[in-house]
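I have placed the structure first, in the form of structure tokens, so that the comments after it can refer back to it.
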Amino acid sequence: MLKNHYYDNLIEAGCDEAGRGCLAGSVFAAAVILPPNYQNDDLNDSKQLSEKRRYALREIILRDAVAWAVGIVTPEEIDRINILNASILAMHRALDSLHVRPEAIIIDGNRFKPYGSLPYTTIVKGDGKYLSIAAASILAKTYRDDYMNRLAQEYPQYDWLSNKGYPTRKHREAIRQYGITPYHRKSYNLLGDGQLMLPFDD
């Protein structure tokens, strides 16, 4: 059973991101504040859940959360500031958008940058340990999947409906054949051959 909170007697927001390892698309992060003593035995790391379960749980999270928000950092920003900084910026943007101000933050992973003067704790595999981080992982993942599904309508040849921008063989073969889109991260090793790939047309 996942834990309800890390900090005692503080309004605590859990944060997680999705899309860090993708070759294309924005990185998304979510921040979620759950009610005190909240319990939901179905919440878990989004990677451990089926797509259908993630979307069903998203509706429950949106209904039950005290506050939630999603932050987005674009491929252009990722190329400019790198993916680690972009992931943290997406979390900060999510926190900025919460309509209830948290008093503390718990974050999945081991890297973060101070958000104002709020106390924070990074927790490795936190999305499998704390409910609010698990909820944030589900929101970040599902809202990013919605976004990649929309982009897939524009660029069907990259198989984004299936791979969501991750570096599958089919995705890399499409890059080799068709070049890159405005949504690809140009600072990434897009072909997996150790070489950065410049756009065919800019």
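Convention: chains lettered A, B, ... in structure tokens order; per-chain residue numbering from 1; ligands numbered from 1 as shown.
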
Requested in this report: Please provide the set of residues having any atom within 12 Å of Ser117 (chain A), restricted to only C-alpha atoms, with same-chain residues fewer than 5 positions apart removed, written as a VMD selection string.
Outcome: chain A and resid 102 to 105

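Proximity to Val70 (chain A) at 7 Å, evaluated using only C-alpha atoms and with sequence-adjacent residues fewer than 5 positions away removed, yields Phe28, Ala29, Ala30, Ala31, Ala94 and Ala140 of chain A.
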
Can I get the selected residues back with N, CA, C and O atoms, as a compact mmCIF listing (two decimals), in the first residue's frame?
```
# COMPACT_ATOMS: atom_id res chain seq x y z
N PHE A 28 6.19 16.46 -20.17
CA PHE A 28 5.06 16.85 -19.34
C PHE A 28 5.37 16.51 -17.89
O PHE A 28 6.03 15.51 -17.61
N ALA A 29 4.88 17.31 -16.97
CA ALA A 29 4.97 17.00 -15.55
C ALA A 29 3.65 17.36 -14.90
O ALA A 29 2.93 18.23 -15.37
N ALA A 30 3.35 16.67 -13.81
CA ALA A 30 2.13 16.97 -13.06
C ALA A 30 2.47 17.18 -11.60
O ALA A 30 3.45 16.64 -11.09
N ALA A 31 1.65 17.98 -10.95
CA ALA A 31 1.71 18.18 -9.51
C ALA A 31 0.32 17.91 -8.95
O ALA A 31 -0.69 18.38 -9.52
N ALA A 94 4.05 23.15 -13.37
CA ALA A 94 2.86 22.51 -12.80
C ALA A 94 2.57 23.08 -11.41
O ALA A 94 1.41 23.41 -11.09
N ALA A 140 0.63 12.99 -15.70
CA ALA A 140 1.67 13.37 -16.67
C ALA A 140 1.67 12.42 -17.87
O ALA A 140 1.74 12.85 -19.02
```

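When only C-alpha atoms are used to measure the gap to Glu76 (chain A), the shortest distance among A:Gln48, A:Thr122, A:Gln177, A:Ser26 belongs to A:Ser26.
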
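Nearest residue to Leu49 (chain A), choosing from A:Asp127, A:Asp146, A:Asp16, A:Asp64 and counting only C-alpha atoms: A:Asp127.
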
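Among the candidate residues A:Ile107, A:Asp79, A:Val27, A:Gly116, the one lying nearest to Glu12 (chain A) is A:Ile107, with distances computed using only C-alpha atoms.
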
Query - Shell of 12 Å around Thr168 (chain A), only C-alpha atoms, local chain residues under 6 positions omitted, as an NGL selection string - result: :A and (21-24 or 158-160 or 162 or 174-175 or 190-192)

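The shortest atom-to-atom distance to Asn85 (chain A), with only C-alpha atoms taken into account, belongs to A:Arg20 out of A:Lys47, A:Arg20, A:Arg58, A:Lys129.
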
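Considering only C-alpha atoms, the residue among A:Val66, A:Ile123, A:Leu10, A:Leu139 positioned nearest to Ser46 (chain A) is A:Leu139.
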
Query - DSSP alpha helix (DSSP H) selection over region 17-197 of chain A, as number ranges by chain - result: A: 51-64, 75-81, 83-97, 131-154, 160-163, 169-178

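Nearest residue to Ser87 (chain A), choosing from A:Pro114, A:Gly19, A:Gly14, A:Gly126 and counting only C-alpha atoms: A:Gly19.
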
Query raised in the report: In Å, how far is it from CA of Val73 (chain A) to CA of Tyr7 (chain A)?
Result: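 It comes out at 28.2 Å.
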